[in-house]
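Have a look at upload_22.cif; it's mmCIF, C-alpha atoms:
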```
data_entry
#
loop_
_atom_site.label_atom_id
_atom_site.label_comp_id
_atom_site.auth_asym_id
_atom_site.auth_seq_id
_atom_site.Cartn_x
_atom_site.Cartn_y
_atom_site.Cartn_z
CA MET A 1 61.42 -29.68 -115.80
CA GLY A 2 59.79 -29.36 -119.22
CA HIS A 3 58.98 -25.94 -120.63
CA LEU A 4 55.22 -26.63 -120.68
CA ILE A 5 55.34 -27.66 -117.02
CA ALA A 6 57.07 -24.36 -116.32
CA GLU A 7 54.23 -22.56 -118.09
CA MET A 8 51.67 -24.56 -116.12
CA VAL A 9 53.05 -23.45 -112.74
CA ALA A 10 53.75 -19.85 -113.76
CA PRO A 11 52.00 -17.50 -111.28
CA GLU A 12 49.88 -15.88 -113.99
CA ASN A 13 48.67 -19.23 -115.27
CA MET A 14 47.88 -20.51 -111.77
CA ASN A 15 45.98 -17.33 -110.96
CA ARG A 16 43.91 -17.61 -114.16
CA ALA A 17 43.17 -21.28 -113.51
CA TRP A 18 42.06 -20.59 -109.95
CA ARG A 19 39.73 -17.80 -111.10
CA HIS A 20 38.14 -20.34 -113.40
CA LEU A 21 37.59 -22.93 -110.64
CA ARG A 22 37.24 -20.87 -107.48
CA TYR A 23 33.48 -21.47 -107.19
CA ASP A 24 33.80 -25.23 -107.65
CA LYS A 25 32.46 -26.94 -104.51
CA ALA A 26 34.39 -30.20 -104.95
CA PRO A 27 36.76 -31.10 -102.09
CA TRP A 28 40.43 -30.47 -102.75
CA SER A 29 41.29 -34.09 -102.00
CA SER A 30 39.96 -37.08 -100.07
CA ARG A 31 41.35 -35.54 -96.87
CA ILE A 32 40.90 -31.82 -97.47
CA ASP A 33 37.40 -30.41 -97.85
CA SER A 34 36.49 -27.02 -99.26
CA ASP A 35 36.54 -25.31 -95.86
CA ALA A 36 40.02 -26.57 -95.03
CA LEU A 37 41.18 -25.50 -98.48
CA ARG A 38 40.05 -21.92 -97.99
CA HIS A 39 41.97 -21.64 -94.72
CA ASN A 40 45.26 -22.70 -96.34
CA LEU A 41 44.75 -22.00 -100.03
CA PRO A 42 48.26 -20.69 -100.89
CA LEU A 43 49.85 -23.66 -99.12
CA HIS A 44 47.86 -26.24 -101.11
CA LEU A 45 48.33 -24.47 -104.45
CA LEU A 46 52.08 -24.12 -103.98
CA SER A 47 52.35 -27.72 -102.81
CA LEU A 48 50.65 -28.89 -106.01
CA ALA A 49 52.94 -26.67 -108.12
CA ARG A 50 55.98 -28.19 -106.43
CA GLU A 51 54.71 -31.73 -107.12
CA LEU A 52 54.23 -30.88 -110.80
CA GLN A 53 57.70 -29.34 -111.06
CA THR A 54 59.51 -32.22 -109.38
CA GLY A 55 57.63 -35.05 -111.10
CA HIS A 56 55.98 -36.23 -107.86
CA TYR A 57 52.43 -35.39 -108.90
CA HIS A 58 49.99 -38.32 -108.91
CA PRO A 59 46.23 -37.85 -109.42
CA ILE A 60 43.76 -39.14 -106.86
CA PRO A 61 41.41 -41.92 -108.06
CA VAL A 62 38.16 -40.41 -109.33
CA ARG A 63 34.74 -40.82 -107.79
CA GLN A 64 32.25 -42.41 -110.18
CA PHE A 65 28.46 -42.14 -110.25
CA MET A 66 25.84 -43.71 -112.49
CA ILE A 67 23.42 -41.21 -114.05
CA ASN A 68 20.40 -41.68 -116.31
CA LYS A 69 20.61 -40.70 -119.98
CA PRO A 70 17.66 -39.12 -121.83
CA ASP A 71 17.26 -42.26 -123.95
CA GLY A 72 16.79 -44.42 -120.85
CA GLY A 73 20.31 -45.79 -120.72
CA LYS A 74 22.97 -45.28 -118.09
CA ARG A 75 26.19 -43.27 -118.15
CA VAL A 76 29.10 -43.35 -115.75
CA LEU A 77 30.02 -39.85 -114.63
CA SER A 78 33.53 -39.51 -113.24
CA VAL A 79 34.13 -36.71 -110.75
CA TYR A 80 37.62 -35.45 -110.02
CA TYR A 81 38.79 -33.85 -106.82
CA LEU A 82 39.48 -30.14 -107.14
CA ARG A 83 43.23 -30.70 -106.87
CA ASP A 84 43.25 -32.68 -110.11
CA LYS A 85 40.74 -30.42 -111.84
CA PHE A 86 43.08 -27.54 -111.08
CA ALA A 87 46.10 -29.44 -112.42
CA GLN A 88 44.20 -30.25 -115.62
CA ARG A 89 43.10 -26.65 -115.98
CA LEU A 90 46.74 -25.59 -115.72
CA ALA A 91 47.61 -28.06 -118.49
CA VAL A 92 44.77 -26.93 -120.76
CA GLN A 93 45.79 -23.28 -120.47
CA ALA A 94 49.43 -24.12 -121.17
CA LEU A 95 48.51 -26.26 -124.20
CA GLU A 96 45.85 -24.06 -125.81
CA PRO A 97 48.26 -21.54 -127.39
CA LEU A 98 50.14 -24.48 -128.90
CA THR A 99 47.14 -26.49 -130.13
CA GLU A 100 44.82 -23.70 -131.28
CA SER A 101 47.19 -22.73 -134.06
CA THR A 102 47.02 -26.27 -135.47
CA PHE A 103 43.28 -27.06 -135.26
CA HIS A 104 41.16 -26.82 -138.40
CA ALA A 105 38.98 -23.74 -138.82
CA ASN A 106 35.82 -25.87 -139.22
CA SER A 107 36.13 -27.41 -135.74
CA TYR A 108 34.02 -25.44 -133.26
CA ALA A 109 33.65 -27.35 -129.98
CA TYR A 110 35.65 -26.71 -126.81
CA ARG A 111 37.68 -23.89 -128.30
CA PRO A 112 38.17 -20.35 -126.98
CA GLY A 113 35.89 -17.85 -128.69
CA ARG A 114 33.95 -20.54 -130.58
CA GLY A 115 30.64 -22.26 -129.97
CA VAL A 116 27.38 -23.57 -131.38
CA ASN A 117 26.41 -20.21 -132.89
CA ASP A 118 29.64 -20.14 -134.90
CA ALA A 119 29.07 -23.70 -136.12
CA LEU A 120 25.53 -22.78 -137.17
CA ALA A 121 26.78 -19.70 -139.01
CA CYS A 122 29.28 -21.80 -140.94
CA ALA A 123 26.57 -24.36 -141.80
CA ARG A 124 24.26 -21.58 -143.00
CA GLU A 125 27.02 -20.22 -145.20
CA ARG A 126 27.56 -23.64 -146.75
CA VAL A 127 23.86 -24.00 -147.53
CA ASN A 128 23.46 -20.47 -148.84
CA THR A 129 26.35 -21.00 -151.27
CA GLY A 130 24.80 -24.12 -152.80
CA TRP A 131 25.92 -26.97 -150.55
CA SER A 132 22.34 -27.96 -149.73
CA TRP A 133 22.77 -31.73 -149.35
CA THR A 134 24.18 -32.74 -146.00
CA VAL A 135 24.89 -35.84 -143.94
CA ASP A 136 24.23 -35.31 -140.23
CA ALA A 137 26.21 -37.87 -138.22
CA ASP A 138 28.22 -38.52 -135.11
CA ILE A 139 30.84 -41.01 -133.92
CA ALA A 140 29.21 -43.74 -131.88
CA THR A 141 30.27 -43.87 -128.20
CA PHE A 142 33.23 -41.64 -128.99
CA PHE A 143 34.36 -40.64 -125.50
CA ASP A 144 34.10 -44.22 -124.25
CA ALA A 145 36.05 -45.68 -127.17
CA VAL A 146 39.10 -43.48 -127.80
CA PRO A 147 42.09 -45.89 -127.79
CA HIS A 148 44.79 -44.68 -125.42
CA ALA A 149 47.63 -46.12 -127.51
CA LEU A 150 46.57 -44.17 -130.58
CA LEU A 151 45.83 -41.03 -128.61
CA SER A 152 49.37 -41.32 -127.23
CA ARG A 153 50.74 -41.16 -130.77
CA VAL A 154 48.84 -37.93 -131.36
CA LEU A 155 50.11 -36.51 -128.07
CA LYS A 156 53.68 -37.39 -128.99
CA ARG A 157 53.35 -35.41 -132.22
CA LYS A 158 51.47 -32.46 -130.76
CA VAL A 159 52.88 -32.08 -127.21
CA PRO A 160 56.68 -31.70 -127.14
CA ASP A 161 56.99 -31.82 -123.34
CA ARG A 162 57.61 -35.44 -122.27
CA GLN A 163 56.91 -34.69 -118.61
CA LEU A 164 53.49 -33.23 -119.42
CA ARG A 165 52.67 -36.19 -121.67
CA ALA A 166 53.45 -38.51 -118.76
CA ILE A 167 51.03 -36.58 -116.54
CA VAL A 168 48.30 -36.77 -119.19
CA HIS A 169 48.79 -40.54 -119.30
CA THR A 170 48.21 -40.74 -115.53
CA TRP A 171 44.88 -38.96 -116.03
CA LEU A 172 43.94 -41.32 -118.85
CA ALA A 173 44.73 -44.33 -116.66
CA LEU A 174 42.29 -43.34 -113.91
CA GLY A 175 39.18 -44.84 -115.47
CA PRO A 176 38.47 -48.55 -115.97
CA HIS A 177 38.09 -48.48 -119.75
CA THR A 178 39.06 -52.02 -120.66
CA GLN A 179 36.63 -54.54 -122.11
CA GLY A 180 38.49 -57.54 -120.72
CA PHE A 181 41.81 -58.77 -119.34
CA LEU A 182 43.61 -58.53 -122.68
CA SER A 183 41.80 -55.47 -124.00
CA ARG A 184 43.64 -52.25 -124.59
CA ARG A 185 42.79 -49.21 -122.52
CA ARG A 186 40.38 -46.79 -124.14
CA GLY A 187 38.07 -43.92 -123.31
CA LEU A 188 38.15 -40.33 -122.10
CA LEU A 189 36.57 -39.65 -118.73
CA GLN A 190 33.54 -37.43 -119.24
CA GLY A 191 33.77 -34.71 -116.65
CA ALA A 192 37.54 -34.34 -116.90
CA VAL A 193 38.75 -30.82 -117.62
CA ILE A 194 41.35 -32.17 -120.06
CA SER A 195 38.99 -34.43 -122.07
CA PRO A 196 37.59 -31.76 -124.47
CA LEU A 197 41.09 -30.76 -125.53
CA LEU A 198 42.08 -34.41 -126.00
CA CYS A 199 38.93 -34.91 -128.09
CA ASN A 200 39.98 -32.17 -130.50
CA LEU A 201 43.58 -33.36 -130.60
CA TYR A 202 42.43 -36.85 -131.50
CA LEU A 203 39.92 -35.80 -134.18
CA ASP A 204 42.04 -33.12 -135.86
CA PRO A 205 43.54 -35.65 -138.33
CA LEU A 206 40.00 -36.52 -139.40
CA ASP A 207 39.32 -32.84 -140.09
CA ARG A 208 42.49 -32.72 -142.18
CA ALA A 209 41.46 -35.83 -144.11
CA TRP A 210 38.08 -34.33 -145.02
CA ALA A 211 39.73 -31.09 -146.06
CA ALA A 212 42.29 -32.96 -148.17
CA SER A 213 39.41 -34.84 -149.83
CA ASN A 214 37.63 -31.53 -150.63
CA ILE A 215 34.60 -32.46 -148.50
CA PRO A 216 33.09 -29.36 -146.86
CA PHE A 217 32.25 -30.05 -143.22
CA VAL A 218 31.38 -28.56 -139.86
CA ARG A 219 32.46 -30.49 -136.76
CA TYR A 220 31.37 -29.92 -133.18
CA ALA A 221 33.20 -32.48 -131.01
CA ASP A 222 32.11 -35.92 -132.28
CA ASP A 223 29.09 -34.52 -134.18
CA PHE A 224 29.54 -33.34 -137.73
CA LEU A 225 27.82 -32.21 -140.90
CA LEU A 226 29.23 -33.09 -144.32
CA PHE A 227 28.03 -31.12 -147.36
CA ALA A 228 27.52 -31.68 -151.10
CA THR A 229 25.83 -29.72 -153.88
CA LYS A 230 23.83 -32.65 -155.30
CA PRO A 231 23.08 -36.21 -154.14
CA ARG A 232 24.84 -37.78 -157.11
CA THR A 233 28.00 -35.73 -157.11
CA ARG A 234 31.30 -37.41 -156.36
CA PRO A 235 31.70 -35.74 -152.96
CA MET A 236 28.30 -37.10 -151.91
CA GLN A 237 29.24 -40.59 -153.00
CA ARG A 238 32.34 -40.32 -150.84
CA LEU A 239 30.09 -39.57 -147.89
CA ASN A 240 28.79 -43.13 -148.26
CA THR A 241 31.17 -44.23 -145.51
CA PRO A 242 32.99 -41.04 -144.54
CA THR A 243 35.42 -42.47 -142.02
CA LYS A 244 36.27 -45.37 -144.33
CA ASP A 245 37.12 -42.89 -147.05
CA CYS A 246 39.38 -41.02 -144.67
CA ALA A 247 41.21 -44.25 -143.95
CA SER A 248 42.67 -44.18 -147.44
CA SER A 249 43.70 -40.52 -147.30
CA ALA A 250 44.90 -39.98 -143.73
CA SER A 251 45.63 -43.36 -142.17
CA HIS A 252 42.33 -43.42 -140.29
CA TYR A 253 40.61 -46.59 -139.16
CA THR A 254 37.06 -47.35 -138.10
CA HIS A 255 35.34 -50.30 -136.45
CA ALA A 256 32.89 -51.05 -139.27
CA ARG A 257 30.94 -53.52 -137.18
CA ARG A 258 29.32 -50.63 -135.30
CA ALA A 259 27.63 -48.70 -138.11
CA TRP A 260 24.48 -46.79 -137.23
CA PRO A 261 21.90 -45.13 -139.52
CA THR A 262 22.25 -41.40 -139.93
CA ARG A 263 20.12 -38.54 -141.26
CA ILE A 264 20.43 -37.22 -144.81
CA TRP A 265 18.87 -33.86 -145.55
CA CYS A 266 18.08 -31.68 -148.51
CA ILE A 267 17.89 -28.31 -146.84
CA SER A 268 15.12 -26.11 -148.16
CA SER A 269 15.18 -23.39 -145.50
CA VAL A 270 17.53 -22.22 -142.80
CA ASN A 271 15.48 -19.30 -141.58
CA HIS A 272 14.53 -20.83 -138.24
CA TRP A 273 17.87 -22.30 -137.24
CA SER A 274 18.94 -21.14 -133.82
CA ALA A 275 21.29 -22.24 -131.10
CA ALA A 276 18.38 -22.38 -128.67
CA SER A 277 16.65 -25.02 -130.78
CA CYS A 278 19.49 -27.52 -130.67
CA ALA A 279 21.66 -28.91 -127.91
CA LYS A 280 24.61 -29.61 -130.19
CA THR A 281 25.62 -29.31 -133.80
CA GLY A 282 24.78 -32.88 -134.73
CA ASP A 283 21.37 -32.86 -133.06
CA ARG A 284 18.79 -31.87 -135.69
CA LEU A 285 20.60 -28.75 -136.78
CA VAL A 286 19.04 -28.63 -140.18
CA ALA A 287 15.52 -27.82 -141.33
CA GLY A 288 14.24 -29.39 -144.50
CA LYS A 289 13.05 -32.69 -145.90
CA HIS A 290 14.25 -36.25 -146.15
CA PRO A 291 15.72 -37.39 -149.47
CA PRO A 292 13.50 -39.41 -151.83
CA ALA A 293 12.94 -43.13 -151.29
CA CYS A 294 15.11 -43.88 -154.33
CA TRP A 295 18.17 -42.44 -152.58
CA PRO A 296 20.98 -44.42 -154.24
CA TYR A 297 23.58 -44.48 -151.47
CA ARG A 298 23.63 -46.25 -148.12
CA VAL A 299 25.00 -43.58 -145.81
CA VAL A 300 26.05 -44.77 -142.36
CA ARG A 301 26.79 -42.96 -139.16
CA ALA A 302 30.54 -42.70 -138.67
CA ALA A 303 31.05 -46.04 -137.00
CA SER A 304 32.95 -46.12 -133.74
CA LEU A 305 36.24 -44.31 -134.22
CA PRO A 306 38.47 -42.75 -136.83
CA VAL A 307 41.82 -43.69 -135.39
CA SER A 308 44.94 -41.72 -136.09
CA GLY A 309 47.82 -43.76 -137.36
#
```
Render the structure in this file as structure tokens.
Amino acid sequence: MGHLIAEMVAPENMNRAWRHLRYDKAPWSSRIDSDALRHNLPLHLLSLARELQTGHYHPIPVRQFMINKPDGGKRVLSVYYLRDKFAQRLAVQALEPLTESTFHANSYAYRPGRGVNDALACARERVNTGWSWTVDADIATFFDAVPHALLSRVLKRKVPDRQLRAIVHTWLALGPHTQGFLSRRRGLLQGAVISPLLCNLYLDPLDRAWAASNIPFVRYADDFLLFATKPRTRPMQRLNTPTKDCASSASHYTHARRAWPTRIWCISSVNHWSAASCAKTGDRLVAGKHPPACWPYRVVRAASLPVSG
């Protein structure tokens, strides 16, 4: 049994995970509803712990529902049974002490003690110290497009426990994320407890590439702001295709065929920024004006994915 698996099934960790999920109304499994779970809770929790320890744990196929998106499109929402949510919560809690020490300070989403307000405060500080030109962008269809093979490379570097990595791969395999018979598996199931942590693990090399290129940034999941002092400075030119630039400095790759327009701002005031006025960091965080029509650079939204090599 790997040492991270041992941490997952430690009584203190299981107790903390259950406190986090105890009000979840999802059935424990396809055969055990919430009422039956309450009558035999210790039995089911200990049974799951034993499966994790012995390598006999296998997740139950997820239930999937189609929901409407605000823009009129559709999104597939995957819903786990409580048994697998609990297992993922155990994994997240065991991994967080290991991963938090490695994540970049300018990454704010899905991290303990951090949130939108902290991202806004960092953005304000950038602007107030002269970094008033910013590119507001996100990674197109990020959660649906994360390649499993490349994510596996990141996991191998970041997660030393082979048994836990194997369990994470079983969670990744639950969703039908292939484009065709020969396509490689890709995508993180939205609604999975483990997906936010995997998002940050996968994008941390991109944060490091920006930092190594001396590009000030604020990232909140797949939304980010990149800053420059003037539109014609060298850092701003490098924002022309930010993920392409990172490809040369940190072995990142992007599908250039899926470039989307983004917003460029010259921020004149930050007085009325507030967390209540935005749903996420990349969604109209900044107040100000558009750049002039003679803007010399074609800035694109970070197209598809920066892939860790």
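Between Leu37 (chain A) and the residues A:Arg111, A:Lys69, A:Arg83, A:Arg126, the shortest atom-to-atom distance, using only C-alpha atoms, involves A:Arg83.
Reported to one decimal place, the separation of CA of Ala119 (chain A) from CA of Arg219 (chain A) is 7.6 Å.
CA of Ala228 (chain A) sits 8.7 Å away from CA of Val135 (chain A).
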Requested in this report: Please write the residues picked by the PyMOL selection byres ((chain A and resi 226) around 8) on this file as number ranges by chain.
Outcome: A: 134-136, 215-218, 224-225, 227-228, 239
Report task. Might you spell out which residues the PyMOL selection byres ((chain A and resi 34) around 12) would select in the displayed file, as a ChimeraX atom specification? Result -> /A:22-33,35-41,44,81-83
Report task. Using the chain letters and numbering of this document, enumerate as a ChimeraX atom specification the residues selected by the PyMOL selection byres ((chain A and resi 8-21) around 10). Result -> /A:2-7,22-26,45-46,48-50,52-53,82,85-95,164
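If you count all atoms listed in the file and ignore residues fewer than 3 places along the chain from Arg157 (chain A), what sits within 12 Å of it is Leu98, Thr99, Thr102, Leu150, Leu151, Ser152, Arg153, Val154, Pro160, Asp161, Arg162, Arg165, Leu201, Tyr202, Pro205, Ser308 and Gly309 of chain A.
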**Report entry** Residues within 9 Å of (39.0, -32.8, -141.6), file coords, all atoms listed in the file, listed as number ranges by chain
**Finding:** A: 104, 106-107, 203-213, 215-219, 246
Query raised in the report: Which one of A:Ala137, A:Ala109, A:Val168, A:Ile60 sits closest to Pro196 (chain A) if you count all atoms listed in the file?
Result: A:Ala109
Report task. Kindly indicate which residue among A:Ile167, A:Val79, A:Val127, A:Leu174 lies nearest to Val193 (chain A), using all atoms listed in the file for the distances. Result ->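 Looking only at the distances to Val193 (chain A), the closest residue turns out to be A:Val79.
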**Report entry** CA of Ala105 (chain A) to CA of Ala123 (chain A), straight-line distance in Å
**Finding:**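 Spanning CA of Ala123 (chain A) to CA of Ala105 (chain A) is a straight-line distance of 12.8 Å.
Nearest-residue note for Gly55 (chain A): choosing from A:Asn200, A:Ala192, A:Phe143, A:Gln163, the minimum distance belongs to A:Gln163, counting all atoms listed in the file.
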